[in-house]
Structures are given as C-alpha cells and as structure tokens.
file protein.cif (mmCIF, C-alpha atoms and all ligand atoms)
data_protein
loop_
_atom_site.label_atom_id
_atom_site.label_comp_id
_atom_site.auth_asym_id
_atom_site.auth_seq_id
_atom_site.Cartn_x
_atom_site.Cartn_y
_atom_site.Cartn_z
CA MET A 851 14.18 0.67 21.62
CA LYS A 852 14.01 4.22 20.26
CA THR A 853 12.37 5.13 16.98
CA ALA A 854 13.94 6.72 13.92
CA LEU A 855 11.20 8.80 12.26
CA ILE A 856 11.86 9.23 8.54
CA LEU A 857 9.70 11.84 6.84
CA ASN A 858 9.51 12.33 3.08
CA GLY A 859 7.90 15.33 1.45
CA PRO A 860 6.21 16.13 -1.84
CA ASN A 861 6.67 14.00 -4.95
CA LEU A 862 9.00 11.51 -3.27
CA ASN A 863 6.23 8.94 -3.83
CA LEU A 864 7.27 9.20 -7.51
CA LEU A 865 10.76 7.82 -6.84
CA GLY A 866 11.76 5.14 -9.31
CA THR A 867 9.11 6.14 -11.84
CA ARG A 868 10.79 9.20 -13.45
CA GLU A 869 14.12 11.10 -13.47
CA PRO A 870 16.30 8.05 -12.67
CA ALA A 871 19.42 10.03 -13.68
CA VAL A 872 18.78 12.41 -10.76
CA TYR A 873 17.10 10.22 -8.12
CA GLY A 874 18.03 6.64 -9.12
CA ALA A 875 15.81 3.71 -10.03
CA GLN A 876 14.69 2.63 -6.58
CA THR A 877 11.13 3.24 -5.45
CA LEU A 878 10.09 4.75 -2.12
CA ALA A 879 9.10 1.21 -1.03
CA ASP A 880 12.68 0.11 -1.81
CA VAL A 881 13.98 3.04 0.28
CA GLU A 882 11.75 2.00 3.17
CA LYS A 883 13.23 -1.55 3.01
CA LEU A 884 16.76 -0.12 2.97
CA CYS A 885 15.88 2.01 6.01
CA ALA A 886 14.36 -1.00 7.81
CA GLN A 887 17.63 -2.91 7.35
CA ALA A 888 19.74 0.05 8.56
CA CYS A 889 17.45 0.62 11.56
CA ALA A 890 17.59 -3.07 12.49
CA SER A 891 21.40 -3.03 12.46
CA HIS A 892 21.50 0.12 14.64
CA GLY A 893 18.83 -0.99 17.10
CA PHE A 894 16.13 1.49 16.06
CA ALA A 895 12.46 0.93 15.37
CA LEU A 896 11.52 2.51 12.03
CA ASP A 897 8.62 4.86 11.38
CA PHE A 898 8.69 5.76 7.67
CA ARG A 899 6.21 8.24 6.18
CA GLN A 900 5.58 10.35 3.07
CA SER A 901 3.20 13.24 2.43
CA ASN A 902 2.65 15.72 -0.37
CA HIS A 903 1.14 18.21 2.11
CA GLU A 904 3.12 20.84 4.03
CA GLY A 905 0.68 20.95 6.97
CA GLN A 906 0.85 17.17 7.38
CA LEU A 907 4.65 17.40 7.62
CA VAL A 908 4.28 20.19 10.23
CA ASP A 909 1.88 18.00 12.25
CA TRP A 910 4.32 15.06 12.10
CA LEU A 911 7.16 17.31 13.32
CA HIS A 912 4.97 18.37 16.26
CA GLU A 913 4.27 14.69 16.98
CA ALA A 914 8.05 14.09 16.87
CA GLY A 915 8.51 16.83 19.48
CA ARG A 916 6.10 15.02 21.82
CA LEU A 917 7.86 11.66 21.23
CA GLN A 918 11.26 13.24 21.87
CA ALA A 919 9.96 14.76 25.13
CA ALA A 920 8.68 11.30 26.11
CA GLY A 921 12.13 9.83 25.42
CA THR A 922 11.00 7.40 22.73
CA LEU A 923 12.41 9.15 19.66
CA ALA A 924 16.04 8.85 18.47
CA GLY A 925 15.53 11.64 15.96
CA VAL A 926 14.02 12.62 12.64
CA ILE A 927 15.48 12.27 9.17
CA LEU A 928 13.65 14.69 6.88
CA ASN A 929 13.70 14.83 3.10
CA ALA A 930 11.36 17.78 2.73
CA GLY A 931 11.58 17.70 -1.09
CA ALA A 932 10.88 21.08 -2.68
CA TYR A 933 9.51 22.44 0.62
CA THR A 934 13.17 22.55 1.68
CA HIS A 935 13.56 25.63 -0.49
CA THR A 936 10.27 27.37 0.35
CA SER A 937 8.94 26.48 3.78
CA VAL A 938 9.34 28.80 6.75
CA ALA A 939 6.55 26.72 8.34
CA LEU A 940 8.78 23.62 8.42
CA LEU A 941 11.68 25.68 9.82
CA ASP A 942 9.41 27.07 12.56
CA ALA A 943 8.13 23.57 13.40
CA ILE A 944 11.66 22.18 13.79
CA LYS A 945 12.76 25.19 15.87
CA GLY A 946 9.54 25.21 17.89
CA THR A 947 9.78 21.54 18.86
CA GLY A 948 13.57 21.45 19.40
CA ILE A 949 13.76 18.04 17.74
CA SER A 950 17.02 16.45 16.71
CA LEU A 951 16.77 16.37 12.92
CA ILE A 952 18.95 15.36 9.99
CA GLU A 953 18.11 17.06 6.68
CA LEU A 954 18.51 14.70 3.76
CA HIS A 955 18.58 15.02 -0.02
CA ILE A 956 19.07 12.20 -2.49
CA SER A 957 20.66 14.49 -5.09
CA ASN A 958 23.49 16.97 -4.63
CA VAL A 959 21.31 20.06 -4.54
CA PHE A 960 24.38 22.32 -4.84
CA ALA A 961 25.19 20.88 -8.27
CA ARG A 962 21.68 21.69 -9.49
CA GLU A 963 19.58 24.83 -10.13
CA ALA A 964 20.39 27.91 -8.00
CA TYR A 965 16.91 27.84 -6.40
CA ARG A 966 17.84 24.50 -4.80
CA HIS A 967 20.98 25.93 -3.16
CA HIS A 968 19.11 27.56 -0.28
CA SER A 969 17.44 25.48 2.43
CA TYR A 970 15.15 26.85 5.14
CA ILE A 971 15.65 23.56 7.02
CA SER A 972 19.45 23.65 7.39
CA ALA A 973 19.47 26.43 10.01
CA ALA A 974 17.54 24.19 12.41
CA ALA A 975 19.09 20.82 11.44
CA ARG A 976 21.74 19.02 13.47
CA ALA A 977 23.27 17.66 10.25
CA VAL A 978 22.74 17.74 6.51
CA MET A 979 23.23 14.82 4.09
CA CYS A 980 23.06 15.25 0.34
CA GLY A 981 24.24 13.72 -2.90
CA PHE A 982 24.68 10.07 -1.86
CA GLY A 983 21.61 8.86 -3.70
CA VAL A 984 19.19 6.76 -1.68
CA SER A 985 22.16 5.26 0.22
CA GLY A 986 22.11 8.59 2.06
CA TYR A 987 19.12 7.30 4.07
CA ALA A 988 21.22 4.44 5.50
CA LEU A 989 24.14 6.80 6.09
CA ALA A 990 21.86 9.23 7.93
CA ILE A 991 20.54 6.39 10.13
CA ALA A 992 24.17 5.53 11.00
CA GLY A 993 24.71 9.22 11.82
CA LEU A 994 21.63 9.21 14.03
CA ALA A 995 23.09 6.20 15.88
CA ASP A 996 26.37 8.09 16.43
CA MET A 997 24.42 11.07 17.75
CA GLN A 998 22.87 8.88 20.47
CA THR A 999 26.32 8.14 21.87
CA GLY A 1000 27.59 11.68 21.45
CA VAL A 1001 30.13 10.76 18.70
O1 LIG B 1 17.41 15.45 -3.79
C1 LIG B 1 16.41 15.41 -3.06
O2 LIG B 1 16.17 14.48 -2.30
C2 LIG B 1 15.37 16.54 -3.13
O3 LIG B 1 14.92 16.79 -1.82
C3 LIG B 1 14.25 16.01 -4.00
C4 LIG B 1 13.17 17.04 -4.31
C5 LIG B 1 13.79 18.33 -4.82
O4 LIG B 1 12.79 19.32 -4.97
C6 LIG B 1 14.86 18.86 -3.88
O5 LIG B 1 15.43 20.03 -4.44
C7 LIG B 1 15.96 17.82 -3.69
C8 LIG B 1 12.21 16.52 -5.36
C9 LIG B 1 11.57 15.21 -5.04
C10 LIG B 1 10.81 14.73 -6.25
O6 LIG B 1 11.23 13.42 -6.53
C11 LIG B 1 10.90 12.88 -7.74
C12 LIG B 1 11.34 11.60 -7.97
C13 LIG B 1 11.07 10.99 -9.18
C14 LIG B 1 10.35 11.66 -10.16
C15 LIG B 1 9.93 12.94 -9.93
C16 LIG B 1 10.18 13.56 -8.72
#

call {"tool": "encode", "arguments": {"input": "protein.cif", "output": "structure tokens"}}
result
Amino acid sequence: MKTALILNGPNLNLLGTREPAVYGAQTLADVEKLCAQACASHGFALDFRQSNHEGQLVDWLHEAGRLQAAGTLAGVILNAGAYTHTSVALLDAIKGTGISLIELHISNVFAREAYRHHSYISAAARAVMCGFGVSGYALAIAGLADMQTGV
C-alpha cells in the first residue's frame, strides 16, 4: 500500500477557530479524519502533518523524495499556506526532489487579495486544487489515485 503524504503549512493549525467564512468551521483534526476516510477508500496509507516552519516543510519534501525513490509514496498534497506566495525554498525542494505533488488551497485564492494570486509552488506542481473548502483534500486524494493509473 502506498502512502499519501499530506503536508500543511503555517497557521493551518488554527483551522476551525477563526475566519470560518473563509476556511470553514472544521478543525485540522476534522480534516485529518476526512483524509483518512478518503485514503481508506482509495487504498492509500495516510501520513498527515502540519508545521509552522518553512525549513521543516523543506525537510519533509526531501523525505518525500526518498520515499518516492523507494517506491512507497503515492504523492504529496501540499497546502503551504502563506509560504505558497513567498517561498522559493519550497519551489526548489519540490523541483530538486522531483516528487509528484498536488498544490491545495481551501479558499479560492484568485478571489482574494492580489498577493495571493501568485504561487511559487504551482510551477513545480502536477496539479492545483483551490476553492473547494476542506472537501478539496478528499478531491485531491481522488486525483492522486487517478494519477497512479495514468488517468
Ligand atoms: O486557502 C488556503 O488554503 C490558503 O493556503 C490558506 C493560507 C493562506 O495564506 C493562503 O493564501 C491560502 C492561510 C492559512 C491560515 O489558516 C487560518 C485558518 C483559520 C484562522 C486563521 C488562519
């Protein structure tokens, strides 16, 4: 069974506590449960993580590169939070490892402030998901399953 690695960046630990109009009322623990259900129905093991630290996310992307090379990783779903819009380091890590990665955003970043319209991640992502609320995590897991079969 391959693993779906789901990485969440800064402030996503605050989900469900503030800004429900933008991010919904579900907590990150709720999102992890939703992802566990979606992974179970697609035959993936789930590895779900969150960090507020850019370097930690870089280290996890490097780890993902090693797991992909070993054949045990289905792919990475990354909600890099605000680092999406600032981090060349994350872009370099994704490019440098060659991992198969889906960029994810809960909100529709293109309907928000102009500084959220540019992503450093997108250039190295296989796919981008945004604006579906936390359901986007389950949709991205379904997309990752399709990618395994070349759909
Ligand atoms: O829509 C998304 O998923 C974002 O990646 C979320 C980031 C934001 O900087 C991106 O532009 C879009 C922010 C995550 C912070 O989440 C919070 C949740 C509840 C309360 C406060 C922050």

call {"tool": "axis_aligned_box", "arguments": {"input": "protein.cif", "around": "ligand LIG 1 (chain B)", "padding_each_side": "8 Å", "output": "lines of an AutoDock Vina configuration file"}}
result
center_x = 13.7
center_y = 15.5
center_z = -6.0
size_x = 23.5
size_y = 25.0
size_z = 24.3

call {"tool": "atom_distance", "arguments": {"input": "protein.cif", "atom1": "atom CA of A:Met997", "atom2": "atom CA of A:His903"}}
result
28.9 Å

call {"tool": "closest_atom_pairs", "arguments": {"input": "protein.cif", "of": "chain A", "to": "ligand LIG 1 (chain B)", "cutoff": "6 Å", "atoms": "all atoms listed in the file", "output": "CSV"}}
result
residue,atom,partner,partner_atom,distance
A:Asn861,CA,B:LIG1,C10,4.4
A:Leu862,CA,B:LIG1,O6,4.4
A:Leu864,CA,B:LIG1,C13,4.5
A:Leu865,CA,B:LIG1,C13,4.0
A:Gly866,CA,B:LIG1,C13,5.9
A:Thr867,CA,B:LIG1,C13,5.9
A:Arg868,CA,B:LIG1,C14,4.1
A:Glu869,CA,B:LIG1,C14,5.0
A:Tyr873,CA,B:LIG1,C12,5.9
A:Asn929,CA,B:LIG1,O3,5.4
A:Ala930,CA,B:LIG1,O3,5.9
A:Gly931,CA,B:LIG1,O3,3.5
A:Ala932,CA,B:LIG1,O4,3.5
A:His955,CA,B:LIG1,O2,3.4
A:Ile956,CA,B:LIG1,O2,3.7
A:Ser957,CA,B:LIG1,O1,3.6
A:Val959,CA,B:LIG1,C7,5.9
A:Arg966,CA,B:LIG1,O5,5.1

call {"tool": "residues_around", "arguments": {"input": "protein.cif", "residues": "stretch 981-996 of chain A", "least_positions_apart": "2", "cutoff": "8 Å", "atoms": "all atoms listed in the file", "output": "mmCIF file with C-alpha atoms, keeping the file's coordinate frame"}}
result
data_model
loop_
_atom_site.group_PDB
_atom_site.id
_atom_site.type_symbol
_atom_site.label_atom_id
_atom_site.label_comp_id
_atom_site.auth_asym_id
_atom_site.auth_seq_id
_atom_site.Cartn_x
_atom_site.Cartn_y
_atom_site.Cartn_z
ATOM 1 C CA ALA A 854 13.940 6.720 13.920
ATOM 2 C CA TYR A 873 17.100 10.220 -8.120
ATOM 3 C CA GLY A 874 18.030 6.640 -9.120
ATOM 4 C CA GLN A 876 14.690 2.630 -6.580
ATOM 5 C CA VAL A 881 13.980 3.040 0.280
ATOM 6 C CA LEU A 884 16.760 -0.120 2.970
ATOM 7 C CA CYS A 885 15.880 2.010 6.010
ATOM 8 C CA ALA A 888 19.740 0.050 8.560
ATOM 9 C CA CYS A 889 17.450 0.620 11.560
ATOM 10 C CA HIS A 892 21.500 0.120 14.640
ATOM 11 C CA ALA A 924 16.040 8.850 18.470
ATOM 12 C CA GLY A 925 15.530 11.640 15.960
ATOM 13 C CA ILE A 927 15.480 12.270 9.170
ATOM 14 C CA ILE A 952 18.950 15.360 9.990
ATOM 15 C CA LEU A 954 18.510 14.700 3.760
ATOM 16 C CA HIS A 955 18.580 15.020 -0.020
ATOM 17 C CA ILE A 956 19.070 12.200 -2.490
ATOM 18 C CA SER A 957 20.660 14.490 -5.090
ATOM 19 C CA ASN A 958 23.490 16.970 -4.630
ATOM 20 C CA VAL A 959 21.310 20.060 -4.540
ATOM 21 C CA MET A 979 23.230 14.820 4.090
ATOM 22 C CA GLN A 998 22.870 8.880 20.470
ATOM 23 C CA THR A 999 26.320 8.140 21.870
ATOM 24 C CA GLY A 1000 27.590 11.680 21.450
ATOM 25 C CA VAL A 1001 30.130 10.760 18.700
#

call {"tool": "residues_around", "arguments": {"input": "protein.cif", "residues": "A:Ile971", "least_positions_apart": "2", "cutoff": "10 Å", "atoms": "all atoms listed in the file", "output": "list in words"}}
result
Leu928, Asn929, Ala930, Tyr933, Thr934, His935, Thr936, Ser937, Val938, Ala939, Leu940, Leu941, Asp942, Ala943, Ile944, Lys945, Leu951, Ile952, Glu953, Leu954, His968, Ser969, Ala973, Ala974, Ala975, Arg976 and Val978 of chain A
